[in-house]
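File shown here: input.txt, holding compact mmCIF, C-alpha atoms.
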# COMPACT_ATOMS: atom_id res chain seq x y z
CA MET A 1 69.48 126.51 103.41
CA ASP A 2 73.21 125.66 103.47
CA LYS A 3 74.58 124.67 106.86
CA LEU A 4 77.44 126.23 108.78
CA LEU A 5 81.02 125.17 108.06
CA SER A 6 83.59 125.73 110.82
CA VAL A 7 87.24 125.87 109.74
CA VAL A 8 89.72 125.12 112.53
CA ILE A 9 93.17 126.63 111.92
CA PRO A 10 95.94 125.90 114.48
CA ALA A 11 98.71 128.49 114.54
CA PHE A 12 102.10 128.51 116.25
CA ASN A 13 104.29 131.57 115.62
CA GLU A 14 102.29 132.37 112.47
CA GLU A 15 102.08 136.16 112.88
CA GLU A 16 102.85 136.66 109.18
CA SER A 17 100.27 134.12 107.99
CA VAL A 18 97.12 134.62 110.10
CA GLU A 19 95.54 137.62 108.40
CA ASN A 20 96.31 136.34 104.91
CA ALA A 21 94.87 132.93 105.82
CA ALA A 22 91.71 134.50 107.27
CA GLY A 23 91.14 136.67 104.22
CA THR A 24 91.88 133.93 101.69
CA VAL A 25 89.75 131.20 103.32
CA ALA A 26 86.86 133.60 103.97
CA GLY A 27 86.99 134.82 100.37
CA VAL A 28 86.83 131.28 98.97
CA LEU A 29 83.85 130.37 101.17
CA ARG A 30 81.98 133.62 100.46
CA ASP A 31 82.42 133.13 96.73
CA ALA A 32 81.07 129.59 97.07
CA GLY A 33 78.07 130.79 99.11
CA ILE A 34 78.98 128.63 102.13
CA PRO A 35 78.09 129.97 105.61
CA TYR A 36 81.28 129.84 107.66
CA GLU A 37 83.20 130.63 110.79
CA LEU A 38 86.98 130.48 111.17
CA VAL A 39 88.39 129.26 114.51
CA PHE A 40 92.06 130.12 114.96
CA VAL A 41 93.93 128.44 117.83
CA ASP A 42 97.08 130.20 119.02
CA ASP A 43 99.24 127.36 120.35
CA GLY A 44 101.23 129.44 122.87
CA SER A 45 103.00 131.51 120.22
CA LYS A 46 105.94 133.75 121.16
CA ASP A 47 105.34 136.30 118.41
CA GLY A 48 102.31 138.45 117.52
CA THR A 49 100.05 135.59 116.39
CA TRP A 50 97.32 136.44 118.91
CA GLU A 51 97.32 140.11 117.94
CA ALA A 52 97.01 139.07 114.28
CA ILE A 53 93.98 136.92 115.19
CA LEU A 54 92.40 139.91 116.95
CA ARG A 55 92.93 142.08 113.86
CA ALA A 56 91.36 139.41 111.66
CA HIS A 57 88.38 139.28 114.05
CA GLU A 58 87.95 143.06 113.83
CA ARG A 59 87.74 142.80 110.03
CA ASP A 60 85.39 139.81 110.05
CA THR A 61 83.38 138.87 113.13
CA ARG A 62 83.05 135.35 111.78
CA VAL A 63 86.71 134.93 112.69
CA ARG A 64 87.04 133.63 116.24
CA GLY A 65 90.10 132.78 118.25
CA VAL A 66 91.41 130.99 121.32
CA SER A 67 94.87 131.25 122.82
CA PHE A 68 96.67 128.66 124.95
CA SER A 69 98.46 129.54 128.19
CA ARG A 70 101.57 127.86 126.70
CA ASN A 71 102.54 125.65 123.80
CA PHE A 72 100.65 122.33 123.96
CA GLY A 73 101.26 121.04 120.41
CA LYS A 74 99.41 121.01 117.11
CA ASP A 75 97.16 118.00 117.76
CA ARG A 76 95.87 119.48 121.02
CA ALA A 77 95.35 122.80 119.26
CA ILE A 78 93.20 121.00 116.69
CA PHE A 79 91.12 119.41 119.44
CA ALA A 80 90.72 122.80 121.14
CA GLY A 81 89.38 124.18 117.86
CA LEU A 82 87.03 121.24 117.47
CA SER A 83 85.69 121.85 120.99
CA ARG A 84 84.91 125.48 120.09
CA ALA A 85 83.57 124.88 116.56
CA ARG A 86 79.80 125.32 116.18
CA GLY A 87 79.37 124.19 112.59
CA ASP A 88 77.30 121.33 111.23
CA CYS A 89 80.57 120.22 109.67
CA VAL A 90 84.15 121.14 110.60
CA ALA A 91 87.26 121.39 108.43
CA VAL A 92 90.84 121.45 109.71
CA MET A 93 93.66 123.07 107.75
CA ASP A 94 97.09 124.65 108.24
CA CYS A 95 97.58 128.37 108.72
CA ASP A 96 100.36 128.57 106.11
CA LEU A 97 97.85 127.70 103.32
CA GLN A 98 99.84 124.67 102.19
CA HIS A 99 96.42 123.06 102.45
CA PRO A 100 94.66 124.80 99.53
CA PRO A 101 91.46 126.64 100.63
CA GLU A 102 89.98 126.25 97.13
CA LYS A 103 89.43 122.56 97.95
CA LEU A 104 87.02 123.40 100.78
CA PRO A 105 83.93 123.87 98.53
CA GLU A 106 84.61 120.47 96.92
CA MET A 107 84.91 118.86 100.35
CA TYR A 108 81.76 120.63 101.54
CA ALA A 109 79.86 119.34 98.47
CA LEU A 110 80.92 115.77 99.26
CA TRP A 111 79.72 116.24 102.84
CA GLN A 112 76.36 117.40 101.51
CA GLN A 113 76.20 114.15 99.53
CA GLY A 114 76.36 112.19 102.79
CA PHE A 115 80.07 111.58 103.40
CA GLU A 116 80.96 112.07 107.07
CA MET A 117 84.76 112.21 106.75
CA VAL A 118 86.26 113.91 103.70
CA GLU A 119 90.00 113.28 103.66
CA GLY A 120 92.48 115.62 101.98
CA VAL A 121 95.06 113.37 100.30
CA LYS A 122 98.43 114.69 99.16
CA ARG A 123 98.96 114.13 95.46
CA ASP A 124 102.31 115.87 95.67
CA ARG A 125 104.32 116.65 98.83
CA GLY A 126 105.68 119.94 97.49
CA GLU A 127 109.29 120.92 98.11
CA GLU A 128 110.04 118.39 100.86
CA SER A 129 113.48 116.79 100.68
CA GLY A 130 113.84 113.23 99.46
CA PHE A 131 114.93 112.16 102.95
CA HIS A 132 111.83 113.74 104.53
CA LYS A 133 109.53 112.05 102.01
CA LEU A 134 111.23 108.70 102.65
CA CYS A 135 110.82 109.09 106.43
CA ALA A 136 107.18 110.16 106.10
CA ASN A 137 106.30 107.23 103.85
CA ALA A 138 108.11 104.79 106.14
CA PHE A 139 106.36 106.20 109.22
CA TYR A 140 102.86 105.87 107.78
CA ALA A 141 103.60 102.39 106.43
CA VAL A 142 104.81 101.27 109.88
CA ILE A 143 102.01 102.85 111.91
CA SER A 144 99.35 101.57 109.48
CA LYS A 145 100.76 98.06 109.91
CA LEU A 146 101.02 98.25 113.70
CA ALA A 147 97.69 99.98 114.33
CA LYS A 148 95.86 97.96 111.64
CA LEU A 149 94.46 101.25 110.30
CA ASP A 150 95.13 102.67 106.84
CA MET A 151 96.92 105.99 107.40
CA LYS A 152 99.22 105.91 104.37
CA ARG A 153 97.26 108.69 102.63
CA SER A 154 96.22 110.58 105.75
CA SER A 155 96.76 114.28 106.44
CA ASP A 156 95.50 116.91 108.87
CA PHE A 157 93.51 118.51 106.02
CA LYS A 158 90.01 117.08 106.28
CA LEU A 159 86.33 117.95 106.68
CA MET A 160 84.18 116.08 109.22
CA ASP A 161 80.51 115.80 109.96
CA ARG A 162 79.33 117.02 113.37
CA LYS A 163 78.74 113.38 114.37
CA ALA A 164 82.40 112.54 113.72
CA VAL A 165 83.59 115.64 115.58
CA ASP A 166 81.48 114.82 118.65
CA THR A 167 82.81 111.26 118.58
CA LEU A 168 86.42 112.51 118.51
CA LEU A 169 85.74 114.88 121.41
CA SER A 170 84.27 112.03 123.45
CA LEU A 171 87.54 110.06 123.35
CA SER A 172 89.46 110.25 126.61
CA GLU A 173 93.12 110.10 125.53
CA GLU A 174 95.26 112.77 127.19
CA GLU A 175 97.86 112.54 124.41
CA VAL A 176 96.02 112.82 121.11
CA PHE A 177 97.13 111.88 117.57
CA PHE A 178 94.59 113.56 115.28
CA ARG A 179 95.32 111.62 112.09
CA GLY A 180 95.25 108.30 113.90
CA LEU A 181 92.06 109.03 115.82
CA THR A 182 90.18 110.15 112.70
CA ALA A 183 91.17 106.84 111.09
CA PHE A 184 90.10 104.99 114.25
CA VAL A 185 86.57 106.47 114.44
CA GLY A 186 85.79 105.50 110.85
CA PHE A 187 82.55 106.88 109.33
CA ARG A 188 81.65 107.05 105.64
CA ARG A 189 84.67 108.49 103.86
CA ALA A 190 85.60 110.26 100.65
CA GLU A 191 88.93 111.61 99.40
CA VAL A 192 89.95 114.85 97.73
CA GLU A 193 93.45 115.02 96.25
CA PHE A 194 95.53 118.18 96.55
CA ASP A 195 99.02 119.44 95.82
CA VAL A 196 100.93 120.93 98.73
CA ALA A 197 101.31 124.64 98.02
CA GLU A 198 104.30 126.79 98.87
CA ARG A 199 104.20 128.63 102.18
CA MET A 200 102.81 132.15 101.81
CA ALA A 201 104.95 133.38 104.73
CA GLY A 202 107.06 132.16 107.64
CA VAL A 203 108.95 128.88 107.97
CA SER A 204 108.08 125.37 109.09
CA LYS A 205 108.13 124.85 112.87
CA TRP A 206 108.96 121.15 112.56
CA SER A 207 112.54 120.04 113.24
CA PHE A 208 113.88 116.52 112.81
CA LYS A 209 113.89 116.13 116.60
CA SER A 210 110.25 117.22 116.95
CA LEU A 211 109.19 114.97 114.06
CA ALA A 212 110.99 112.00 115.66
CA ARG A 213 109.29 112.69 118.99
CA TYR A 214 105.95 112.98 117.21
CA ALA A 215 106.52 109.65 115.45
CA VAL A 216 107.34 107.82 118.70
CA SER A 217 104.32 109.31 120.46
CA SER A 218 102.02 108.40 117.57
CA VAL A 219 103.20 104.79 117.28
CA THR A 220 102.92 104.15 121.03
CA ALA A 221 99.44 105.69 121.06
CA PHE A 222 98.13 102.97 118.74
CA SER A 223 100.26 99.89 119.28
CA ALA A 224 101.98 97.94 122.05
CA ALA A 225 104.18 96.17 119.49
CA PRO A 226 107.41 97.91 120.65
CA MET A 227 106.95 96.34 124.09
CA GLN A 228 107.11 92.92 122.46
CA LEU A 229 110.73 93.64 121.59
CA ALA A 230 111.60 92.35 125.07
CA THR A 231 110.11 88.94 124.28
CA VAL A 232 111.71 88.75 120.84
CA SER A 233 115.14 89.79 122.10
CA GLY A 234 114.89 87.35 125.02
CA VAL A 235 114.20 84.45 122.66
CA LEU A 236 116.96 85.57 120.31
CA PHE A 237 119.64 85.76 122.99
CA ALA A 238 118.49 82.44 124.47
CA LEU A 239 119.03 80.82 121.07
CA ILE A 240 122.44 82.45 120.74
CA ALA A 241 123.41 81.16 124.17
CA VAL A 242 122.34 77.60 123.29
CA VAL A 243 124.17 77.65 119.94
CA THR A 244 127.29 79.12 121.55
CA GLY A 245 127.26 76.46 124.27
CA VAL A 246 126.93 73.68 121.71
CA LEU A 247 129.77 75.07 119.57
CA PHE A 248 131.98 75.46 122.61
CA ALA A 249 131.35 71.82 123.60
CA ILE A 250 131.92 70.45 120.08
CA VAL A 251 134.56 72.70 118.54
CA GLY A 252 136.38 73.93 121.60
CA GLY A 253 139.13 76.35 120.66
CA GLU A 254 141.18 78.91 122.48
CA ALA A 255 139.61 80.06 125.72
CA GLY A 256 140.63 83.66 125.11
CA GLY A 257 138.69 83.89 121.85
CA TRP A 258 135.56 82.47 123.42
CA LEU A 259 135.87 84.85 126.36
CA VAL A 260 136.02 87.86 124.03
CA PHE A 261 133.01 86.58 122.08
CA LEU A 262 131.01 85.96 125.26
CA ALA A 263 131.95 89.40 126.62
CA VAL A 264 130.71 91.09 123.43
CA MET A 265 127.49 89.09 123.49
CA GLY A 266 127.01 89.98 127.16
CA LEU A 267 127.33 93.70 126.39
CA LEU A 268 124.86 93.39 123.51
CA ALA A 269 122.41 91.57 125.77
CA LEU A 270 122.78 94.29 128.43
CA ALA A 271 122.17 97.01 125.83
CA CYS A 272 119.08 95.16 124.63
CA VAL A 273 117.77 94.83 128.18
CA LEU A 274 118.23 98.56 128.81
CA LEU A 275 116.49 99.39 125.52
CA CYS A 276 113.55 97.18 126.45
CA LEU A 277 113.34 98.77 129.89
CA GLY A 278 113.31 102.19 128.24
CA ILE A 279 110.43 101.19 125.96
CA ILE A 280 108.45 99.75 128.86
CA GLY A 281 109.19 102.89 130.88
CA TYR A 282 107.85 105.05 128.04
CA TYR A 283 104.55 103.17 128.06
CA LEU A 284 104.38 103.38 131.87
CA GLY A 285 104.94 107.13 131.59
CA ARG A 286 102.02 107.47 129.18
CA THR A 287 99.85 105.46 131.57
CA PHE A 288 100.91 107.63 134.50
CA ARG A 289 100.15 110.88 132.66
CA GLN A 290 96.75 109.52 131.61
CA SER A 291 95.95 108.59 135.23
CA LEU A 292 96.48 112.22 136.35
CA HIS A 293 93.45 113.33 134.27
CA ARG A 294 95.01 116.69 133.48
CA PRO A 295 93.39 118.75 130.71
CA ARG A 296 94.74 118.43 127.19
CA PHE A 297 95.17 122.20 126.98
CA ILE A 298 94.57 125.40 128.96
CA ILE A 299 92.92 128.37 127.24
CA SER A 300 93.94 131.78 128.51
CA ARG A 301 92.12 134.09 126.05
CA GLU A 302 89.27 133.97 123.54
CA CYS A 303 87.75 136.35 121.02
CA GLY A 304 84.43 136.08 119.20
CA ASP A 305 81.02 135.04 120.43

Target encoding structure tokens, full file:
Amino acid sequence: MDKLLSVVIPAFNEEESVENAAGTVAGVLRDAGIPYELVFVDDGSKDGTWEAILRAHERDTRVRGVSFSRNFGKDRAIFAGLSRARGDCVAVMDCDLQHPPEKLPEMYALWQQGFEMVEGVKRDRGEESGFHKLCANAFYAVISKLAKLDMKRSSDFKLMDRKAVDTLLSLSEEEVFFRGLTAFVGFRRAEVEFDVAERMAGVSKWSFKSLARYAVSSVTAFSAAPMQLATVSGVLFALIAVVTGVLFAIVGGEAGGWLVFLAVMGLLALACVLLCLGIIGYYLGRTFRQSLHRPRFIISRECGD
């Protein structure tokens, strides 16, 4: 007998997408003969996303839902879905169906063959701008190098064995980076390539500012390398000071020119010190928030057994 597949679908202001996503994903899994449940997570939406989840549940009782008390972010919404999923394996996908549901049976078949982490890999990034693609590729190259984990082909679209899900849920980070943590836990892996589809409805909720904040949070979650900037900059400015002193002693020159040069170097050094203090302060802030042991999310409503 085939085992249960849970599909976790985070949703933030996706009123126009929820019911279509529920119907499309359920239809694909029914046609493939795969027992399923769909777990929608309303990430503190301001529109009618929760009401759309309730309507989808009325049409299909295998659709379940949870709603946050406020917006906590996509990665925490994914972990909330994982904590509620009851399947022997669990898939994660986007509500806008840019992750193609027709790939789920292929991923499920690979799981049945013994793979514990089936990774959806983007073959084509769709209609993203060239600048966005460049930034995304640079980000994953940098974080893979710093974290010593291969995340260059990672995405949120994946299917995981129950063992992998339970391992993820046992991790204690307050600020979670789903793609990084799934790379960290390992397990036997397979890949399924997909093309990013066009959105069926709605618009992307990611702005450049939110993507930049996400990138900083993700890098600092897996590497302390930015903190080493203080050491590198200290050595650099020490060398500059030595070289400047030697040149001043040998070459001499007009005092006014040297004073301007030294003033500029002093301002650069001060800026570097403030930058390093900001980086260290960011890490201290993460440590402080972790020490409070606050929950990753707060659920205000649920539907489904």

> Which one of A:Ala85, A:Leu268, A:Ala190, A:Val165 sits closest to Glu106 in chain A if you count all atoms listed in the file?
Replying inline: A:Ala190

> CA of Val7 in chain A to CA of Phe40 in chain A: how many Å, to one decimal?
Replying inline: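 Separation of CA of Val7 in chain A and CA of Phe40 in chain A: 8.3 Å.
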
>> Measuring between all atoms listed in the file, which one of A:Tyr108, A:Tyr36, A:Phe288, A:Phe177 shows the shortest distance to Thr61 in chain A?
In response: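 Smallest distance to Thr61 in chain A is found for A:Tyr36.
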
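The residue that comes closest to Gly81 in chain A, out of A:Glu51, A:Asp2, A:Glu119, A:Glu302 and on the basis of all atoms listed in the file, is A:Glu302.
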
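The closest residue to Arg76 in chain A, picked from A:Ala22, A:Ile53, A:Val176, A:Val63 and counting all atoms listed in the file, is A:Val176.
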
>> At a cut-off of 7 Å, using only C-alpha atoms, what residues contact Phe68 in chain A? Leave out same-chain residues fewer than 6 positions from it and give the result as a PyMOL selection string.
In response: chain A and resi 42-44+297-300

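When CA of Pro10 in chain A is paired with CA of Leu97 in chain A, their separation reads 11.5 Å.
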
> Suppose you want the space between CA of Val192 in chain A and CA of Ala164 in chain A; what is it in Å?
Replying inline: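 Answer for the CA of Val192 in chain A to CA of Ala164 in chain A separation: 17.8 Å.
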
>> Using all atoms listed in the file, can you tell me which of A:Tyr282, A:Phe187, A:Phe194, A:Phe72 comes closest to Gly114 in chain A?
In response: A:Phe187

>> I need the residue nearest Lys74 in chain A from this list: A:Leu104, A:Val121, A:Ala11, A:Ala183. Use all atoms listed in the file for the distance.
In response: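 Of all the options, A:Ala11 lies closest to Lys74 in chain A.
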
>> Residues within 10 Å of (71.6, 127.1, 107.2), file coordinates, counting only C-alpha atoms: what are they? Give the list as a PyMOL selection string.
In response: chain A and resi 1-5+34-35+87-88
